[in-house]
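*Asks:* For reference, the structure I am asking about is given below.
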Amino acid sequence: MTKGKKLFAYTFLIIISLISVFPLYWMMVAATNRSVDVTRGTLMFGTALMDNWIKLFGSQNVGTALFNSFKYSIIMTLISLLICSIAGYGFEVFHDKAKDRVMSVILLAMMVPFAATMIPLYQMFSRARLLNSTLGFILPTISTPFLIMLFRQSARSFPSDIMEAARLDGLSEFQIFYRMFLPTMRSTYAAAMTITFMNAWNSYLWPKVIMSDAKSITMPMLVANLTEGYVTDYGTLMLAVLICTIPTVIIFFLLQKSFAEGITGAVK
Amino acid sequence: MIHSKNKLSLGQKQSRAGWTFLTPAVLLIAIMSFLPMIQALFLSFQTGIGNKMKWTGVTNYIRMFKDPVFVQALKNNFIYLIIQVPIMLILALVLASLLNHKDLRFKGLFRTAIFLPCATSLVSYAVIFRSLFAVDGLVNIILMKLGFLSTGYNFLGHPNSARVVIILALIWRWTGYNMVFYLSGLQNIEYSVYEAAKIDGASPVQSFFRITVPLLRPTILLTAIMSTNGTLQLFDESVNLTNGGPANATITMSHYIYNVSFKYVPNFGYAASMSYLILFLVAVLAFVQLKVGDKRD
Amino acid sequence: MKKKIASLLLAGAMAASLTACGTGAGGSTGTTGDTKGEGAKASNELTVWCWDPAFNIYAMNEAAKVYQKDHPDFKLNVVETPWADVQTKLTTAATSGNEDSLPDIILLQDNAFQKNVISYPDTFKDLTSSGIDFSKFPKAKTAYSVVEGKNYGVPFDNGAVVACYRTDVLKEAGYTVDDFKDITWSKYQEMGEKILAKTGKPLLSCQAGESDLIVMMLQSAGGSLFDKDGKPSMVGNDKLKKVMETYASLVKSGVLIEVNDWDQYVGTLTNSTVGGTINGCWIMASIQTAEDQSGNWAITNMPKLEGVEGATNYSNNGGSSWAVTSASKNPDLAYDFLSKTFAGSTELYETILPKSGAMATYLPAAESKVYGEPQKFFGDAPVYSMITDFASKVPSNNTGVYYYEARDAVATAITKVVAGGDIDAEIKNAEDTVNFAMGK
C-alpha cells in the first residue's frame with residue numbers, strides 16, 4: 001500500500017473501531033457510577049465501582065450464574081462443533097444430489113421463529129423430564145443448520161487431491177476427517193467456536209422457559225433480574241452487563257489470530 | 001465400517017460414509033426442530049384462547065392479511081432486509097479484506113474492536129442507541145453544531161427516521177459478526193495470488209472484485225442466507241430500541257408474533273400461522289440464493 | 001509438528017467434551033429429580049415466583065418470618081423471576097398442559113390478571129371461600145383480580161396515582177404545592193405554561209408510545225376502555241375523547257414532553273429536566289435515588305378532567321396481586337399463609353414499609369403509626385398515609401381480557417393524534433384494532 005492509502009485505511013479503521021467500542025466504554029463508565037449519575041448521562045469514570053460491586057454480589061448469585069454460563073456454553077460449543085463439522089464435511093466431501101437436497105431441507109429448520117416451536121418443544125422436554133438440566137439447555141441448539149452450512153461451505157476449499165492421496169495411503173474416511181481436515185480447517189473451527197460460544201453464552205429465551213430453579217440461573221438471566229422492579233439501579237446493572245460481556249470478548253481476542261492469520265499456505 | 005470387505009464400489013462406499021457422517025446432526029435437527037415445527041403447523045390451522053383450541057382450516061392465513069399491524073410489520077421487515085443486508089455485507093467484505101493485508105499493524109485490536117458490537121449485551125447497546133438519538137442526544141448536538149439542524153430532531157419519534165436508526169443499529173451490531181466468516185474464508189486464498197495480481201498491475205479494487213469476491217462466494221452465500229433469515233425474524237431491535245413505535249411504524253413480524261403469544265391474550269394458532277409465513281418467505285429467498293450462488297466449479 | 005499438536009489438542013478437547021457431556025447432563029438431571037421429589041413431599045413448604053428483591057421479594061420473605069412465628073417449621077422458597085419471564089413461563093406451562101413446573105404462589109401484574117385467569121381458568125385456584133377476607137381491601141383494587149364474581153388474587157402493592165412536584169421549581173414561578181391540590185387539567189396547564197416561561201422546565205414528562213398517562217386520566221373519571229360486558233367502548237366514549245384532547249393540548253403547550261423510553265423518563269426526573277411527574281406511587285422510589293434533591297419534592301393528588309361526569313382527582317397505575325396455582329400441592333397452606341400475612345397482618349406492612357416503601361392496599365394498615373410518619377425527602381409530609389387515603393378514593397376500572405391490546409391500540413391512537421391526526425378517526429381505528437383482536 002502507498003502511504004496515502006495506508007493513512008486512509010488507518011483512519012477508516014480507527015473511526016469504525018471507535019464507533020464499535022463506544023458502548024463498551026460507556027458500560028465501563030456506567031459500572032463505576034451511581035445509578036443517578038448514569039441517568040444523568042455522565043461520560044466520566046466515577047468512584048462507585050466498589051458500591052456497585054457490593055450491591056451486585058450482595059443481591060445476586062453471580063458466582064453460580066458465571067459457573068452455569070461457562071458450563072453450558074463450553075459443553076455446548078465443543079459438542080456442537082464436533083457434530084456439525086462432521087456433518088458439514090460429510091455434506092460437502094461426499095456430496096451428491098440426495099445430500100444436497102437434505103441440506104436444503106435442513107436449512108428450513110432455522111426459518112421458523114422460535115416463539116412458534118417453543119410450546120411443542122417445552123412439552124417434549126417436560127415429558128422427558130429434562131427441565132432444569134444441562135441436557136435440556138443444550139439439546140435444542142446443539143445441531144444447527146448454520147454451523148453445518150458453515151463447515152460445508154468451507155470444506156469446499158479442502159483440496160480433493162489430499163484426500164485421494166490419503167485414501168491411497170490406506171486412511172479410513174474418518175481418519176481423513178480428523179487427521180487432514182480438522183487441522184487444515186483451524187481457521188473455520190476458531191471462527192465457529194467464537195460464534196457458538198457467544199450464542200450459547202447469550203441465549204436467553206429457551207433457558208428462561210425451562211430453567212425455573214434458582215440454582216440453574218445464567219448470566220443473561222441474572223442481568224434480566226436486575227432490569228425488573230420499580231427502580232433500576234443502572235450502575236449495578238451495567239457492572240453485571242460488563243461481567244457478562246467480558247468472556248466473549250476475551251475468547252474472541254484469543255481466537256482471532258487463529259482464524260484470521262491461520263495457516264495460510266499450508267494447503268496446496 | 002470403512003474396513004468392511006463387502007463388494008461396494010468406491011463411490012457407494014463414500015456415499016455411505018457420507019451418510020454416517022451427517023446422521024447425528026440431521027437426526028438431532030429432525031427431533032429438535034422438525035418435530036415441533038410439524039406440531040406448530042397443525043396449530044396454525046387452529047384457533048382459540050390459551051389452551052382451548054379448535055380447528056378452523058385456513059382462517060388464520062386469511063386473517064393475517066387483513067391484520068393492519070401484521071401487514072405493517074411485513075412491510076417493515078422487507079424495508080430492513082432490502083436496505084440493511086447489502087450495506088452490511090459489503091461493509092463486512094471491505095473490512096475483512098482490509099484487515100487481511102499483510103503489512104497492516106494492530107490488526108488484532110482492530111478485529112476485536114469491530115467484532116465487539118455483536119458481543120455487547122443488548123441491554124447496554126439499546127440504552128446507548130436510544131440516548132444517542134434522543135432529542136438532546138449526541139447525534140442531534142453534532143448535527144446542530146454542523147448547522148444541519150436548528151433544533152433537535154426526535155429521530156425515534158418519526159416513522160422513517162426511526163427505521164433508519166434500526167437499520168444503523170443492525171449494521172453496527174452485525175457487520176463485525178459477518179466479517180469473522182469472511183476473514184476465516186480469506187485464509188483459504190493464497191496470499192501469493194494477490195501478490196501475483198499486483199505484479200500484473202491489478203489495482204486493489206480490481207483484485208477485490210476479481211479474486212476476493214469470487215473465491216469467497218461460498219461464504220458470501222452463507223452470510224447472505226443467514227442475514228436474510230435473521231432480518232426477516234428480527235426481534236431484539238424492534239423490542240428494545242423502538243418498542244415497535246411510533247405507532248407500529250417499526251414493529252417486526254417476530255415482535256408481533258411474540259406479542260400475540262405472550263403479551264396479548266395468547267393465540268398460538270394465529271402466531272403459528274404467521275410464523276409459517278416467515279418460513280415461506282425465507283425459504284423462497286434462500287432457494288433463490290442457493291440457485292444463484294451454490295455452484296461447484 | 002506444530003500442526004500436529006494443534007490437531008491433537010482439538011481432538012482431545014472434543015473427546016473430553018463428550019465425557020463432560022455425559023457426566024454433566026446425567027448429574028443435573030439427577031438433581032432435578034431430587035428437588036422435584038422434595039417439593040412434592042414437603043407439606044410445610046411453599047414456592048413463590050416474584051421479581052423485585054428490594055420490593056416484593058423482600059416483602060414475601062418478611063411475610064414468611066411473620067408466619068413462622070406460629071408455624072416454626074414453615075419453609076418458603078422464593079425464586080426471583082422477572083415479570084416478563086413469569087408471563088412467558090406461565091403461558092408456556094399452561095398451554096402445553098404441564099403445570100407441574102409452576103410454583104404454589106405467583107405474583108401477577110394487575111393489568112394481566114384477568115387475561116391470565118380467563119385464558120387459563122384451570123391454572124388458578126378460586127380464593128373466594130378460602131378463608132381470606134377480601135373486604136379489608138379497596139374494591140377498586142380487588143376488582144383487578146375478580147373474574148365472574150370470584151376472587152382469584154390477594155392484593156399486594158398499591159398503584160395509587162400521585163402527582164409529584166419540585167417545590168423549588170414551583171417557588172421560582174411563585175407557586176406552592178397547595179396550588180396544585182384538587183385542580184383541573186386546564187388549571188394545571190395554565191400554571192404549567194407560566195412555569196415553563198419562567199424556568200424553562202416542563203411540568204410533566206412521559207414515555208411516548210405508552211398508554212399509562214391516558215389510562216390514568218381515564219380511570220380518574222371512572223372511565224374504562226371496556227364496558228361491563230367486556231366489549232370495547234372507545235367510540236362514543238366522551239371521557240376517552242376528553243382525555244385525548246387534554247393530552248394533545250398538554251403536548252402542544254410544551255407543558256408535557258414525551259421521551260422515547262423509560263430510562264429517559266427517569267432521567268428527566270433525576271436530571272431536573274422537569275418540574276414534576278404524575279404516576280403510580282411506586283415512582284417515588286426512583287425519584288428518591290436523586291438524594292441531592294431531598295426536601296425539594298412534595299406530593300398531592302392528580303388534576304381531574306373537566307366537563308366530564310364522575311371526574312375525580314384519584315387514579316391508579318400498576319400494582320400487583322398474589323395468585324395461588326392449581327399445581328400447588330399444598331393449597332390449604334397457601335391460603336392460610338396469605339390470609340395470616342398479606343391479608344391479615346398489620347405488623348407485616350409496618351415492617352416492609354420503611355425499608356422498601358411497599359405501600360399496602362390492606363386497609364387496616366393505613367391506621368398504623370408507621371404510615372403517618374413524616375418523610376424528610378418529601379418536605380416532611382406524611383406521604384404514606386396520604387397515598388393510602390388517595391387509594392381509597394380511586395374509581396374502578398374494567399380491565400377485561402383484552403386490556404393489553406386496548407392499551408396498545410390507544411397508545412397508537414394518541415401517537416397519531418399528537419402527530420396531527422383526527423381524534424375521532426383515531427379512536428375509531430383503535431376500537432377496530434381491538435375488535436379485530438377479539439374476533440377469533
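So you can find residues: chains in the C-alpha cells are A, B, ... in the order shown, residues in each start at 1, and ligands are numbered from 1 in order.
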Using only C-alpha atoms, which protein or nucleic acid residues come within 10 Å of Ile427 of chain C? Drop anything in the same chain fewer than 2 positions from it, and give the result as a list in words.

*Replies:*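 That gives Ser233, Met234, Val235, Gly236, Asn237, Leu240, Lys241, Met244, Ala409, Val410, Thr412, Ala413, Ile414, Val417, Asp422, Ile423, Asp424, Ala425, Asn429, Ala430, Glu431, Asp432 and Thr433 of chain C.
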
*Asks:* For Phe181 of chain B, list every protein, DNA or RNA residue within 12 Å, evaluated using only C-alpha atoms, and leave out those in the same chain fewer than 5 positions away; present the list as number ranges by chain.

*Replies:* A: 146-147, 149-151, 153-154, 187-195, 256, 259-260; B: 89, 92-93, 95-97, 115, 174-176, 186-188, 216-224, 226

*Asks:* Restricting the calculation to only C-alpha atoms: of C:Phe226, C:Phe134, C:Trp83, C:Tyr362, which residue gets closest to chain B?

*Replies:*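 With only C-alpha atoms as the atom set, the closest residue is C:Trp83.
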
*Asks:* Report the distance between atom CA of Asn154 of chain B and atom CA of Val135 of chain B in Å, rounded to one decimal place.

*Replies:*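 Atom-to-atom, atom CA of Asn154 of chain B and atom CA of Val135 of chain B are spaced 4.9 Å apart.
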
*Asks:* Excluding same-chain residues fewer than 4 positions from segment 66-72 of chain B, what lies within 8 Å of it counting only C-alpha atoms, as a list of chain:residue names?

*Replies:* B:Ile62, B:Asn76, B:Asn248, B:Ala249, B:Ile251, B:Met253, B:Tyr256, C:Phe436

*Asks:* Mind writing the picked residues with C-alpha atoms as a PDB file, in the first residue's frame?

*Replies:*
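Now in again33.pdb:
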ATOM      1  CA  ILE B  62     -56.508 -15.265   5.564  1.00  0.00           C
ATOM      2  CA  ASN B  76     -41.071  -3.076   7.805  1.00  0.00           C
ATOM      3  CA  ASN B 248     -46.207   0.438  14.966  1.00  0.00           C
ATOM      4  CA  ALA B 249     -44.041   2.116  12.315  1.00  0.00           C
ATOM      5  CA  ILE B 251     -42.605  -3.246  14.534  1.00  0.00           C
ATOM      6  CA  MET B 253     -43.231  -9.767  12.374  1.00  0.00           C
ATOM      7  CA  TYR B 256     -45.823  -9.053  16.732  1.00  0.00           C
TER       8      TYR B 256
ATOM      9  CA  PHE C 436     -60.083  -7.436  15.249  1.00  0.00           C
TER      10      PHE C 436
END

*Asks:* Rank C:Gly149, C:Gly159, C:Gly267, C:Pro374 by their smallest atom-to-atom distance to chain B, using only C-alpha atoms, and report the top residue only.

*Replies:*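 Among C:Gly149, C:Gly159, C:Gly267, C:Pro374, it is C:Gly267 that comes nearest to chain B.
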
*Asks:* Counting only C-alpha atoms, which residues of chain A fall within 8 Å of chain C, and what is the closest atom pair for each with its distance in Å at one decimal, ordered by chain and rising number, as CSV?

*Replies:*
residue,atom,partner,partner_atom,distance
A:Ser35,CA,C:Thr289,CA,7.6
A:Val36,CA,C:Ala290,CA,5.9
A:Thr39,CA,C:Gly267,CA,4.8
A:Arg40,CA,C:Asn271,CA,5.5
A:Ser59,CA,C:Pro53,CA,7.4
A:Ile75,CA,C:Ser17,CA,6.0
A:Leu78,CA,C:Ser17,CA,5.9
A:Ile79,CA,C:Ser17,CA,6.3
A:Leu82,CA,C:Met14,CA,6.7
A:Met118,CA,C:Thr92,CA,7.8
A:Ile119,CA,C:Thr92,CA,5.7
A:Pro120,CA,C:Ser96,CA,7.1
A:Tyr122,CA,C:Ser96,CA,7.3
A:Gln123,CA,C:Ser96,CA,5.6
A:Ser126,CA,C:Asn98,CA,7.1
A:Arg129,CA,C:Thr29,CA,7.8
A:Leu130,CA,C:Thr29,CA,6.6
A:Leu131,CA,C:Thr32,CA,7.6
A:Asn132,CA,C:Thr32,CA,6.4
A:Ser133,CA,C:Ser28,CA,5.2
A:Thr134,CA,C:Ala25,CA,5.2
A:Leu135,CA,C:Ala25,CA,5.0
A:Tyr178,CA,C:Ala11,CA,7.7
A:Arg179,CA,C:Ser7,CA,7.3
A:Leu182,CA,C:Ser7,CA,6.6
A:Pro183,CA,C:Ser7,CA,5.0
A:Lys208,CA,C:Asp85,CA,6.7
A:Val209,CA,C:Lys89,CA,5.4
A:Ile210,CA,C:Lys89,CA,8.0
A:Ser212,CA,C:Ser101,CA,7.5
A:Asp213,CA,C:Val79,CA,7.0
A:Ala214,CA,C:Val79,CA,5.8
A:Ala224,CA,C:Pro82,CA,6.8
A:Asn225,CA,C:Pro82,CA,5.5
A:Glu228,CA,C:Pro82,CA,5.7
A:Gly229,CA,C:Asp52,CA,4.7
A:Tyr230,CA,C:Trp282,CA,6.6
A:Val231,CA,C:Ser286,CA,5.4
A:Thr232,CA,C:Ser286,CA,7.9

*Asks:* Give me the residues near segment 64-73 of chain A as number ranges by chain, where near means some atom within 6 Å (using only C-alpha atoms) and where sequence neighbours in that chain fewer than 6 positions away do not count.

*Replies:* A: 197, 200-201, 217-219

*Asks:* Would you save the residues from that selection as a PDB file, in the first residue's frame, using C-alpha atoms?

*Replies:*
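Saved to part-v1.pdb:
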ATOM      1  CA  PHE A 197     -19.733 -19.816  22.386  1.00  0.00           C
ATOM      2  CA  ALA A 200     -24.662 -20.162  23.866  1.00  0.00           C
ATOM      3  CA  TRP A 201     -23.461 -17.591  26.357  1.00  0.00           C
ATOM      4  CA  ILE A 217     -29.534 -19.279  36.690  1.00  0.00           C
ATOM      5  CA  THR A 218     -27.276 -17.996  33.874  1.00  0.00           C
ATOM      6  CA  MET A 219     -25.651 -14.595  33.362  1.00  0.00           C
TER       7      MET A 219
END

*Asks:* Pull out every residue of chain C sitting within 7 Å of chain B, counting only C-alpha atoms, and send them as a list in words.

*Replies:*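 Residues satisfying the distance criterion: Gln87, Thr88, Thr91, Thr95, Lys115, Ser119, Tyr120, Gly209, Asn260, Val401, Tyr402, Tyr404, Glu405, Thr412, Thr415, Lys416 and Lys440 of chain C.
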
*Asks:* Thr123 of chain C: which residues within 6 Å, counting only C-alpha atoms, same-chain residues fewer than 2 positions away excluded, as a PyMOL selection string?

*Replies:* chain C and resi 120-121+325-326

*Asks:* Using only C-alpha atoms, find the residues of chain A whose closest atom to chain B is at most 6 Å away, then write them as a list of chain:residue names.

*Replies:*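 Using only C-alpha atoms, chain A residues at most 6 Å from chain B: A:Ser17, A:Ser20, A:Val21, A:Ile83, A:Ile86, A:Ala87, A:Gly90, A:Phe94, A:Ala109, A:Met111, A:Val112, A:Pro113, A:Ala116, A:Thr117, A:Pro120, A:Leu121, A:Pro140, A:Ser143, A:Gln153, A:Ser172, A:Ser187, A:Thr188, A:Thr245, A:Phe253, A:Phe259, A:Ala260, A:Thr264, A:Gly265.
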
*Asks:* Please write the residues from the selection above to a file, keeping N, CA and C atoms, as a compact mmCIF listing (two decimals), in the first residue's frame.

*Replies:*
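Now in selection-v6.txt:
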# COMPACT_ATOMS: atom_id res chain seq x y z
N SER A 17 -13.59 1.49 14.50
CA SER A 17 -13.31 0.86 15.79
C SER A 17 -13.86 1.69 16.93
N SER A 20 -17.45 1.28 17.23
CA SER A 20 -17.78 -0.05 17.73
C SER A 20 -17.52 -0.19 19.22
N VAL A 21 -16.48 0.48 19.69
CA VAL A 21 -16.06 0.28 21.07
C VAL A 21 -16.83 1.18 22.03
N ILE A 83 -20.22 -32.34 16.22
CA ILE A 83 -21.31 -32.91 15.44
C ILE A 83 -21.49 -32.17 14.11
N ILE A 86 -18.48 -32.54 11.46
CA ILE A 86 -18.52 -33.84 10.79
C ILE A 86 -19.62 -33.82 9.73
N ALA A 87 -20.77 -33.28 10.11
CA ALA A 87 -21.89 -33.27 9.17
C ALA A 87 -21.60 -32.37 7.98
N GLY A 90 -19.26 -34.05 5.75
CA GLY A 90 -19.95 -35.12 5.04
C GLY A 90 -20.79 -34.58 3.89
N PHE A 94 -18.71 -35.71 0.38
CA PHE A 94 -19.41 -36.83 -0.26
C PHE A 94 -20.67 -36.35 -0.94
N ALA A 109 -35.06 -25.60 9.02
CA ALA A 109 -35.19 -25.69 10.47
C ALA A 109 -34.93 -24.38 11.18
N MET A 111 -35.80 -21.41 9.96
CA MET A 111 -36.59 -20.33 9.38
C MET A 111 -37.90 -20.05 10.11
N VAL A 112 -38.22 -20.83 11.12
CA VAL A 112 -39.45 -20.58 11.87
C VAL A 112 -39.09 -19.86 13.16
N PRO A 113 -39.75 -18.75 13.46
CA PRO A 113 -39.46 -18.05 14.71
C PRO A 113 -39.63 -18.98 15.91
N ALA A 116 -42.87 -19.88 17.93
CA ALA A 116 -43.88 -20.82 17.46
C ALA A 116 -43.58 -22.26 17.85
N THR A 117 -42.29 -22.62 17.92
CA THR A 117 -41.98 -24.02 18.22
C THR A 117 -41.70 -24.23 19.70
N PRO A 120 -44.42 -26.67 21.71
CA PRO A 120 -44.24 -28.11 21.49
C PRO A 120 -42.92 -28.64 22.05
N LEU A 121 -41.87 -27.86 21.89
CA LEU A 121 -40.57 -28.27 22.39
C LEU A 121 -40.60 -28.40 23.92
N PRO A 140 -31.68 -28.44 22.17
CA PRO A 140 -32.37 -27.86 21.01
C PRO A 140 -31.43 -27.15 20.04
N SER A 143 -27.28 -28.89 17.36
CA SER A 143 -27.02 -29.11 15.94
C SER A 143 -27.77 -28.04 15.17
N GLN A 153 -19.60 -25.07 3.61
CA GLN A 153 -19.07 -24.08 2.68
C GLN A 153 -17.54 -24.03 2.75
N SER A 172 -8.71 -44.40 6.71
CA SER A 172 -10.16 -44.52 6.64
C SER A 172 -10.76 -43.14 6.47
N SER A 187 -8.87 -22.34 10.98
CA SER A 187 -9.47 -21.00 10.99
C SER A 187 -10.99 -21.09 11.06
N THR A 188 -11.57 -22.06 10.34
CA THR A 188 -13.02 -22.20 10.41
C THR A 188 -13.46 -22.63 11.81
N THR A 245 -20.26 -9.54 29.44
CA THR A 245 -19.71 -9.32 28.11
C THR A 245 -18.26 -9.79 27.99
N PHE A 253 -10.70 -12.39 21.34
CA PHE A 253 -9.35 -11.86 21.21
C PHE A 253 -8.33 -12.98 21.13
N PHE A 259 -8.16 -17.54 13.42
CA PHE A 259 -9.00 -17.60 12.24
C PHE A 259 -8.63 -16.55 11.20
N ALA A 260 -7.84 -15.58 11.58
CA ALA A 260 -7.52 -14.56 10.61
C ALA A 260 -6.10 -14.68 10.08
N THR A 264 -2.13 -19.98 6.55
CA THR A 264 -2.12 -19.62 5.13
C THR A 264 -0.97 -20.33 4.43
N GLY A 265 -1.30 -20.96 3.35
CA GLY A 265 -0.24 -21.56 2.56
C GLY A 265 0.02 -23.02 2.90

*Asks:* Using DSSP on the backbone coordinates, identify the residues of segment 218-390 of chain C assigned to helix (DSSP H, G or I); present them as an NGL selection string.

*Replies:* :C and (218-220 or 238-253 or 262-270 or 283-287 or 291-293 or 331-340 or 346-356 or 363-367 or 369-372 or 383-390)

*Asks:* From the options C:Leu250, C:Glu193, C:Ile183, C:Ser396, which residue's atoms come nearest to Gly223 of chain C, counting only C-alpha atoms?

*Replies:*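 The closest residue to Gly223 of chain C is C:Ser396.
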
*Asks:* Just give me the gap between atom CA of Asp133 of chain C and atom CA of Gly372 of chain C in Å, one decimal is fine.

*Replies:* 24.6 Å

*Asks:* Write out as a PyMOL selection string which residues come within 7 Å of Gly379 of chain C when counting only C-alpha atoms, dropping same-chain ones fewer than 2 positions away.

*Replies:* chain C and resi 295-298+375-377+381
